[in-house]
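*Asks:* One structure coming up, written as structure tokens, with questions to follow.
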Amino acid sequence: MGDLSFGVLGRMQAERDGVALRLGSPQQQAVLAALLLKPGRWVSMEGLIAAVWGEEPPAQAGATVRTYVWRLRGIMGTPAGESTALVSRPGRSGYQLAFDAEIDANRAQEMFAEAERARSAGLLAPAHALLRDASELWRGEPLAGVPGPFAELQRHRFTELGLTVLEERLALDVALGHGPRCIAELSVLTAEHPLRERLYGLHMQALSQAGRQAEALEVFRRARKVLIEEIGLEPTAYLTAVHHRILHQSADPVEAAPQWDGGAVRLGDSGLPAASPGQGPAEEQIEGQSLAPADTGTARLLPVPAQLPPEEADFTGRRGPIAELSAVLCRELRTAPVMVVVTGMGGAGKTALALHIAHRLKGAFPDGQLYADLRGNGGAVTSTESVVTGFLHALGAPERSLPDGLDAKSALLRSMLEGRQLLLVLDNARDAAQVRPLLPGAASCAVLATSRTRLAGLPGVRQIELGVFEPSEALDLLEQVIGAERVRSELTAARGLTAACGFLPLAVRIVAARLAARPRWTVSALLDRLEDERRRIDELRVGDLAVGACFELGYRELDAAQAEAFRLVAAVDVPRLSLASAAALIGVDELTAEHLLESLADVAMVESHGPGQYQHHDLLRAFATQRSERDHRGEAAVARTRLLNHLLATARTAFELAVPGDPVHDVLAWTGSPGVALAGLDEARAWAFAETDRALALAAQIARGRLAPPVPDRPGPGAAPGQLSCSVLRMSVDLLIALSAFVHQSQRYAWVETARALAGAAEQVGDRVVEGRARFLLGNIATAATWLDEAARESGRAVDLCRETGDTVILRQALNDLGLVAEFRGRFNEAVDRYDESIALARQLEHRSGEYVSTLNAAIARTRAGRADEAVETCERVLTEQRERGDLIGQAKALHALGLALHRLGRPAEAAGHFGKALSIWSRSGSPGRAASTGYRLADALLALGRPEQALPHVTEAVRVCASTGQERDQAHALTVLARTLCALDRTEEAAEPAGQAQAIYRRLELPETASTVHSPGA
């Protein structure tokens, strides 16, 4: 793959080993940006679609994203598109960047952090050099020209970071006495950013250092005028202090105070406003000089509470939430008190974040900070009246003056908070009713609350949901606790360890503490202990910290129905559950399931990812599974069987809509579930697209579990109801067979992995029917992917097993697949024999559509074997029958095969006419892959007629579609025709590239075709 580097601080760019790469269209760059700026994190298909198109994606957004990813794999991998840079996972929809990309924005942030550390250590010159180099990484507007909401958000983020880096560098210029050389730069910056007070302050100090005090004072007057006119505020204490210093001819530089200056703020290492050394709660400090008012009136004689517990010394990460919380809590021009609620699952670090923010914003609330743990996350809840009483005492109200009753005390609290700037931190709130009496009425106050529950119904509340760590943040915490050298020496294991923790801050802190307490343990050793999901919760415990205990608090608050739903949703290890699937798991109707799941989402016990989409965090799933196995043994297996019934019932319906009349439908296991009602083929496709990942994951999980209680199967001919039964293994393989009509090439590896697991499980328990069907699936997928060795092996084994068990319907399909494999290998007479046997079985089964398919396949094999005259007669007969039946798809297949035979007989004009009719049917029926296969053959016929200009658009479109759908064999043939077309147009140099690409695919797939061959099977 080479050394890849990327640039986002300007127009998006990439290089491999110093050579620039072309990143494609703006939308393709938007997909890359979404993956690139979340390295190591899984990005769902829904997330990628939202990143590029927001709330109004086009109809084929998913297919378009898959095309972009395929192209990006080619860009980041080899010319053939083989790349491990972007990976997908079985049972999950989405992609992950599988390597640590070198990105200019990451480098800039690292240099900024390093500069801050150097500045804190008094090393101003090195800090200045780092900031200067960092600012030079910006090449223009970040992600310029890249569309989509995600890119816009990152653009704003990197633009703000660039300004902050620039401000810090200019501040060091002033501190080092180099202000005069920055005057011109600051003149431009203050004009471009007229509300950033710090730039005005630096401009004034630079002018003062140059002996231009009058101009510096004029800058202050201009800044004051702009601020008053634009936002109705006088300059802050910082800018006033700079003005004061210049008036009194003090040469000392003035640092910005920790407050918001017209939307700009100096960031410390954490991204918060940096607190000044020695700053107390009642006054701000600038270079040791107090800015507190000289007049200490009554308000300053009242107590100034400082009730915040200490924050975690090794707090790390959370830059995004920190910036959002800071902006909300320090918002200017408010007419009501600000209230922010940080919500999230247990262990997400809500309290740690709240305390970190509260400590760093002390300067913005000089009259004090009140704190209370409301204990609403389980156990004995703190009474609201006792909290109000404590706050009143802290504010100086004597005991004898306190009124009776909560309402009266709450009113007194609001009175004592009026006119004061206080921050109230309400930790672990249970609900809105507990919090409401504690809210101030003064607009000068702010409330920061944490809760597992969304506190709906409170006036003007801002809800901020706190998720888990980013992978880099989890590693940072691990480094801080056990040391960077220890982490870097086992970096892969460290990443695996934080992933095993689900990036949950509490879990990462626990494993870090365990490693710190055992310096001789390796990271790998602890990772091995966490690999077993059944003991993972028990391993995540150290001292009084335990993930299980944290989750237990929330679990105890659930009623019986909620607790059961919580456990059963964890019974199947899938990325997400649809509402219908969740209802099947729980065993209730969809309305009840939605009520239960939404109530669990409200208390952060499940995650909701949009209407009707739910999932567990990995550790919550492990906890739920543990509770289920310990206290409710057997319920999970029953729930999985319910879901399997539901999915199979719906998949049977979808299969019948996709392949009407196919006898496979009649031999699939029968279930008593009604499934989802599907109105037509479009609904069937949509359902299969949405549920296939879940079906694969469920089948794989069942295969790993080997056996489960039998369920009734549909009786066969001559059998009494209930006489036959089958295991969930049989239901699982039949579920996959029903869904095989909707396989997408991007899911092939997941299909193979699941079918192989089912085959292995069936072999282990001696179920020859299930093994035969699983082997058929493996052979069928391998045939479609042109993995010929595996296709021959698995289809051959399927044929043997199906003969043995009398599974005639599947046997017919497997024989047809073996015919295709023989044909792909150039063994045409062998292929005809296989097809003829398949045809005989189809007639025995009265499977007309299957008979037609194998008949046409045999005709194509005869064409390639030099018996095209026989093939013409067969194809014309089938075409007549299909027209009589009114089967357009059957007609298109017959027309396609007839066109191949006529072309081989030297009748290209007739062939072109048949190909054109087939192409028209494929295009109208929404079959782009088949249209592409027919399209390049039409181009080849037109080429034989001496009409390359007409051939070119057909073959060009075929190449594009085959590349996007993964039809590699057809892609090679289409590339061959494209090369010949270009040569016919005297564009020989251009033809070399598609010819070379075709040969590379032929060699990789081990196909016998050469670049001069195009007449190939296309049933």
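All residue names refer to the structure tokens as shown: chains lettered A, B, ... in order, residues numbered from 1 in each chain, ligands numbered from 1 in order.
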Residues at most 6 Å from segment 178-189 of chain A, counting only C-alpha atoms, excluding those fewer than 2 positions away in the same chain, as a ChimeraX atom specification?

*Replies:* /A:173-174,176,191-193,203,206,210

*Asks:* Would you save the residues from that selection as a PDB file, in the first residue's frame, using all heavy atoms?

*Replies:*
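Final output, selection_7.pdb:
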ATOM      1  N   ASP A 173       4.715  35.968  19.692  1.00  0.00           N
ATOM      2  CA  ASP A 173       5.490  37.044  19.056  1.00  0.00           C
ATOM      3  C   ASP A 173       5.530  38.270  19.964  1.00  0.00           C
ATOM      4  O   ASP A 173       6.582  38.882  20.183  1.00  0.00           O
ATOM      5  CB  ASP A 173       4.863  37.410  17.706  1.00  0.00           C
ATOM      6  CG  ASP A 173       5.396  36.559  16.569  1.00  0.00           C
ATOM      7  OD1 ASP A 173       6.617  36.390  16.485  1.00  0.00           O
ATOM      8  OD2 ASP A 173       4.573  36.058  15.784  1.00  0.00           O
ATOM      9  N   VAL A 174       4.345  38.619  20.497  1.00  0.00           N
ATOM     10  CA  VAL A 174       4.275  39.778  21.389  1.00  0.00           C
ATOM     11  C   VAL A 174       5.055  39.518  22.664  1.00  0.00           C
ATOM     12  O   VAL A 174       5.804  40.371  23.150  1.00  0.00           O
ATOM     13  CB  VAL A 174       2.796  40.107  21.696  1.00  0.00           C
ATOM     14  CG1 VAL A 174       2.695  41.168  22.785  1.00  0.00           C
ATOM     15  CG2 VAL A 174       2.082  40.589  20.431  1.00  0.00           C
ATOM     16  N   LEU A 176       7.562  37.655  23.110  1.00  0.00           N
ATOM     17  CA  LEU A 176       9.000  37.641  22.843  1.00  0.00           C
ATOM     18  C   LEU A 176       9.525  39.006  22.387  1.00  0.00           C
ATOM     19  O   LEU A 176      10.698  39.138  22.056  1.00  0.00           O
ATOM     20  CB  LEU A 176       9.309  36.586  21.774  1.00  0.00           C
ATOM     21  CG  LEU A 176       9.127  35.124  22.214  1.00  0.00           C
ATOM     22  CD1 LEU A 176       9.138  34.201  21.010  1.00  0.00           C
ATOM     23  CD2 LEU A 176      10.225  34.730  23.199  1.00  0.00           C
ATOM     24  N   ALA A 191      -9.526  43.077  10.731  1.00  0.00           N
ATOM     25  CA  ALA A 191     -10.551  43.446   9.751  1.00  0.00           C
ATOM     26  C   ALA A 191     -11.371  42.235   9.332  1.00  0.00           C
ATOM     27  O   ALA A 191     -12.579  42.323   9.128  1.00  0.00           O
ATOM     28  CB  ALA A 191      -9.884  44.087   8.525  1.00  0.00           C
ATOM     29  N   GLU A 192     -10.695  41.063   9.214  1.00  0.00           N
ATOM     30  CA  GLU A 192     -11.402  39.849   8.794  1.00  0.00           C
ATOM     31  C   GLU A 192     -12.240  39.246   9.916  1.00  0.00           C
ATOM     32  O   GLU A 192     -13.238  38.579   9.659  1.00  0.00           O
ATOM     33  CB  GLU A 192     -10.386  38.807   8.303  1.00  0.00           C
ATOM     34  CG  GLU A 192      -9.707  39.184   6.999  1.00  0.00           C
ATOM     35  CD  GLU A 192      -8.662  38.163   6.584  1.00  0.00           C
ATOM     36  OE1 GLU A 192      -8.277  37.325   7.448  1.00  0.00           O
ATOM     37  OE2 GLU A 192      -8.221  38.188   5.430  1.00  0.00           O
ATOM     38  N   HIS A 193     -11.828  39.463  11.178  1.00  0.00           N
ATOM     39  CA  HIS A 193     -12.515  38.859  12.333  1.00  0.00           C
ATOM     40  C   HIS A 193     -12.800  39.953  13.362  1.00  0.00           C
ATOM     41  O   HIS A 193     -12.167  40.015  14.418  1.00  0.00           O
ATOM     42  CB  HIS A 193     -11.653  37.752  12.935  1.00  0.00           C
ATOM     43  CG  HIS A 193     -11.220  36.718  11.941  1.00  0.00           C
ATOM     44  ND1 HIS A 193     -12.054  35.727  11.471  1.00  0.00           N
ATOM     45  CD2 HIS A 193     -10.032  36.554  11.287  1.00  0.00           C
ATOM     46  CE1 HIS A 193     -11.397  34.985  10.593  1.00  0.00           C
ATOM     47  NE2 HIS A 193     -10.180  35.466  10.461  1.00  0.00           N
ATOM     48  N   HIS A 203      -2.999  43.312  18.552  1.00  0.00           N
ATOM     49  CA  HIS A 203      -2.685  44.412  17.644  1.00  0.00           C
ATOM     50  C   HIS A 203      -2.268  45.654  18.433  1.00  0.00           C
ATOM     51  O   HIS A 203      -1.271  46.333  18.096  1.00  0.00           O
ATOM     52  CB  HIS A 203      -3.922  44.708  16.784  1.00  0.00           C
ATOM     53  CG  HIS A 203      -3.643  45.619  15.624  1.00  0.00           C
ATOM     54  ND1 HIS A 203      -4.649  46.180  14.859  1.00  0.00           N
ATOM     55  CD2 HIS A 203      -2.479  46.080  15.094  1.00  0.00           C
ATOM     56  CE1 HIS A 203      -4.106  46.925  13.927  1.00  0.00           C
ATOM     57  NE2 HIS A 203      -2.796  46.890  14.036  1.00  0.00           N
ATOM     58  N   ALA A 206       1.194  45.102  19.904  1.00  0.00           N
ATOM     59  CA  ALA A 206       2.227  45.165  18.871  1.00  0.00           C
ATOM     60  C   ALA A 206       2.528  46.617  18.502  1.00  0.00           C
ATOM     61  O   ALA A 206       3.696  47.012  18.362  1.00  0.00           O
ATOM     62  CB  ALA A 206       1.772  44.377  17.643  1.00  0.00           C
ATOM     63  N   ALA A 210       5.998  49.030  19.155  1.00  0.00           N
ATOM     64  CA  ALA A 210       6.640  49.799  18.084  1.00  0.00           C
ATOM     65  C   ALA A 210       6.653  51.289  18.392  1.00  0.00           C
ATOM     66  O   ALA A 210       7.055  52.093  17.543  1.00  0.00           O
ATOM     67  CB  ALA A 210       5.921  49.543  16.762  1.00  0.00           C
TER      68      ALA A 210
END

*Asks:* Could you give me, as a PDB file with C-alpha atoms, in the first residue's frame, the residues within 9 Å of segment 956-969 of chain A, counting only C-alpha atoms and dropping anything in the same chain fewer than 6 positions from it?

*Replies:*
ATOM      1  CA  ALA A  63     -25.064   1.877  -3.887  1.00  0.00           C
ATOM      2  CA  THR A  64     -23.277   5.138  -4.691  1.00  0.00           C
ATOM      3  CA  ARG A  66     -20.301   1.414  -2.135  1.00  0.00           C
ATOM      4  CA  THR A  67     -19.044   2.536  -5.546  1.00  0.00           C
ATOM      5  CA  TYR A  68     -17.023   5.337  -3.964  1.00  0.00           C
ATOM      6  CA  TRP A  70     -14.617   0.485  -4.219  1.00  0.00           C
ATOM      7  CA  ARG A  71     -12.841   3.271  -6.076  1.00  0.00           C
ATOM      8  CA  HIS A 744     -24.924  -8.020  -3.087  1.00  0.00           C
ATOM      9  CA  GLN A 745     -21.298  -8.463  -4.060  1.00  0.00           C
ATOM     10  CA  SER A 746     -20.152  -6.268  -1.156  1.00  0.00           C
ATOM     11  CA  ALA A 784     -20.931 -15.700  -8.995  1.00  0.00           C
ATOM     12  CA  ALA A 785     -17.582 -14.329  -7.784  1.00  0.00           C
ATOM     13  CA  THR A 786     -15.627 -16.493 -10.304  1.00  0.00           C
ATOM     14  CA  PRO A 928     -28.153  -2.928 -14.403  1.00  0.00           C
ATOM     15  CA  GLY A 929     -25.785  -5.908 -14.117  1.00  0.00           C
ATOM     16  CA  ALA A 931     -27.925  -4.777 -18.930  1.00  0.00           C
ATOM     17  CA  ALA A 932     -24.158  -4.262 -18.748  1.00  0.00           C
ATOM     18  CA  SER A 933     -23.495  -7.881 -19.774  1.00  0.00           C
ATOM     19  CA  THR A 934     -25.748  -7.529 -22.804  1.00  0.00           C
ATOM     20  CA  GLY A 935     -24.496  -3.993 -23.514  1.00  0.00           C
ATOM     21  CA  TYR A 936     -20.863  -4.895 -24.207  1.00  0.00           C
ATOM     22  CA  LEU A 975     -12.668  -3.912 -21.103  1.00  0.00           C
ATOM     23  CA  LEU A 978     -13.540  -1.316 -25.167  1.00  0.00           C
ATOM     24  CA  ALA A 998      -8.633  -7.006 -18.777  1.00  0.00           C
ATOM     25  CA  ILE A1001      -8.414  -9.678 -14.254  1.00  0.00           C
ATOM     26  CA  TYR A1002      -8.244 -12.814 -16.454  1.00  0.00           C
ATOM     27  CA  LEU A1005      -9.438 -15.093 -11.805  1.00  0.00           C
ATOM     28  CA  LEU A1007      -9.856 -17.690 -16.579  1.00  0.00           C
TER      29      LEU A1007
END

*Asks:* Identify, on the basis of only C-alpha atoms, every residue whose closest approach to Asp573 of chain A does not exceed 8 Å; exclude the query and any residue fewer than 4 positions from it along the same chain; express the result as a PyMOL selection string.

*Replies:* chain A and resi 697-698+701

*Asks:* Grab the residues selected above and save them as an mmCIF file, in the first residue's frame with C-alpha atoms.

*Replies:*
data_model
loop_
_atom_site.group_PDB
_atom_site.id
_atom_site.type_symbol
_atom_site.label_atom_id
_atom_site.label_comp_id
_atom_site.auth_asym_id
_atom_site.auth_seq_id
_atom_site.Cartn_x
_atom_site.Cartn_y
_atom_site.Cartn_z
ATOM 1 C CA ALA A 697 -25.163 -12.518 12.054
ATOM 2 C CA LEU A 698 -27.991 -14.565 13.577
ATOM 3 C CA GLN A 701 -24.352 -17.150 15.976
#

*Asks:* Check the smallest atom-to-atom distance from each of A:His954, A:Arg518, A:Arg430, A:Arg535 to Asn377 of chain A using only C-alpha atoms, then report the winner.

*Replies:*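 Nearest to Asn377 of chain A: A:Arg430.
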
*Asks:* For Ala944 of chain A, list every protein, DNA or RNA residue within 12 Å, evaluated using only C-alpha atoms, and leave out those in the same chain fewer than 6 positions away; present the list as a list in words.

*Replies:* His903, Arg904, Gly906, Arg907, Pro908, Ala909, Glu910, Ala911, Ala912, Arg937, Leu938, Gln950, Ala951, Val977, Arg980, Thr981 and Ala984 of chain A

*Asks:* Write the selection just made, keeping N, CA and C atoms, as a PDB file, in the first residue's frame?

*Replies:*
ATOM      1  N   HIS A 903     -24.007 -14.282 -33.445  1.00  0.00           N
ATOM      2  CA  HIS A 903     -22.718 -13.593 -33.617  1.00  0.00           C
ATOM      3  C   HIS A 903     -21.624 -14.606 -33.943  1.00  0.00           C
ATOM      4  N   ARG A 904     -21.652 -15.747 -33.254  1.00  0.00           N
ATOM      5  CA  ARG A 904     -20.645 -16.773 -33.521  1.00  0.00           C
ATOM      6  C   ARG A 904     -20.785 -17.355 -34.936  1.00  0.00           C
ATOM      7  N   GLY A 906     -21.436 -15.666 -37.498  1.00  0.00           N
ATOM      8  CA  GLY A 906     -21.103 -14.634 -38.477  1.00  0.00           C
ATOM      9  C   GLY A 906     -22.292 -13.834 -38.940  1.00  0.00           C
ATOM     10  N   ARG A 907     -23.293 -13.689 -38.092  1.00  0.00           N
ATOM     11  CA  ARG A 907     -24.500 -12.915 -38.446  1.00  0.00           C
ATOM     12  C   ARG A 907     -24.650 -11.760 -37.441  1.00  0.00           C
ATOM     13  N   PRO A 908     -23.690 -10.806 -37.451  1.00  0.00           N
ATOM     14  CA  PRO A 908     -23.674  -9.761 -36.422  1.00  0.00           C
ATOM     15  C   PRO A 908     -24.870  -8.821 -36.478  1.00  0.00           C
ATOM     16  N   ALA A 909     -25.421  -8.587 -37.652  1.00  0.00           N
ATOM     17  CA  ALA A 909     -26.557  -7.661 -37.743  1.00  0.00           C
ATOM     18  C   ALA A 909     -27.748  -8.225 -36.966  1.00  0.00           C
ATOM     19  N   GLU A 910     -28.039  -9.536 -37.188  1.00  0.00           N
ATOM     20  CA  GLU A 910     -29.139 -10.157 -36.458  1.00  0.00           C
ATOM     21  C   GLU A 910     -28.828 -10.194 -34.962  1.00  0.00           C
ATOM     22  N   ALA A 911     -27.559 -10.502 -34.653  1.00  0.00           N
ATOM     23  CA  ALA A 911     -27.153 -10.553 -33.239  1.00  0.00           C
ATOM     24  C   ALA A 911     -27.378  -9.208 -32.570  1.00  0.00           C
ATOM     25  N   ALA A 912     -26.988  -8.122 -33.251  1.00  0.00           N
ATOM     26  CA  ALA A 912     -27.145  -6.783 -32.681  1.00  0.00           C
ATOM     27  C   ALA A 912     -28.615  -6.475 -32.414  1.00  0.00           C
ATOM     28  N   ARG A 937     -21.845  -6.877 -25.268  1.00  0.00           N
ATOM     29  CA  ARG A 937     -21.984  -7.808 -26.403  1.00  0.00           C
ATOM     30  C   ARG A 937     -22.644  -7.106 -27.597  1.00  0.00           C
ATOM     31  N   LEU A 938     -23.589  -6.203 -27.317  1.00  0.00           N
ATOM     32  CA  LEU A 938     -24.149  -5.381 -28.389  1.00  0.00           C
ATOM     33  C   LEU A 938     -23.045  -4.542 -29.027  1.00  0.00           C
ATOM     34  N   GLN A 950     -20.994   3.860 -32.701  1.00  0.00           N
ATOM     35  CA  GLN A 950     -22.203   3.445 -31.994  1.00  0.00           C
ATOM     36  C   GLN A 950     -21.867   2.465 -30.860  1.00  0.00           C
ATOM     37  N   ALA A 951     -20.800   1.704 -31.021  1.00  0.00           N
ATOM     38  CA  ALA A 951     -20.420   0.717 -30.007  1.00  0.00           C
ATOM     39  C   ALA A 951     -19.871   1.377 -28.742  1.00  0.00           C
ATOM     40  N   VAL A 977     -13.611  -5.501 -25.096  1.00  0.00           N
ATOM     41  CA  VAL A 977     -14.361  -4.894 -26.200  1.00  0.00           C
ATOM     42  C   VAL A 977     -14.046  -3.405 -26.302  1.00  0.00           C
ATOM     43  N   ARG A 980     -10.770  -2.978 -28.133  1.00  0.00           N
ATOM     44  CA  ARG A 980     -10.927  -3.198 -29.577  1.00  0.00           C
ATOM     45  C   ARG A 980     -11.678  -2.042 -30.232  1.00  0.00           C
ATOM     46  N   THR A 981     -12.663  -1.484 -29.514  1.00  0.00           N
ATOM     47  CA  THR A 981     -13.419  -0.344 -30.056  1.00  0.00           C
ATOM     48  C   THR A 981     -12.518   0.865 -30.232  1.00  0.00           C
ATOM     49  N   ALA A 984     -10.385   0.473 -33.201  1.00  0.00           N
ATOM     50  CA  ALA A 984     -11.147   0.708 -34.433  1.00  0.00           C
ATOM     51  C   ALA A 984     -11.354   2.191 -34.694  1.00  0.00           C
TER      52      ALA A 984
END
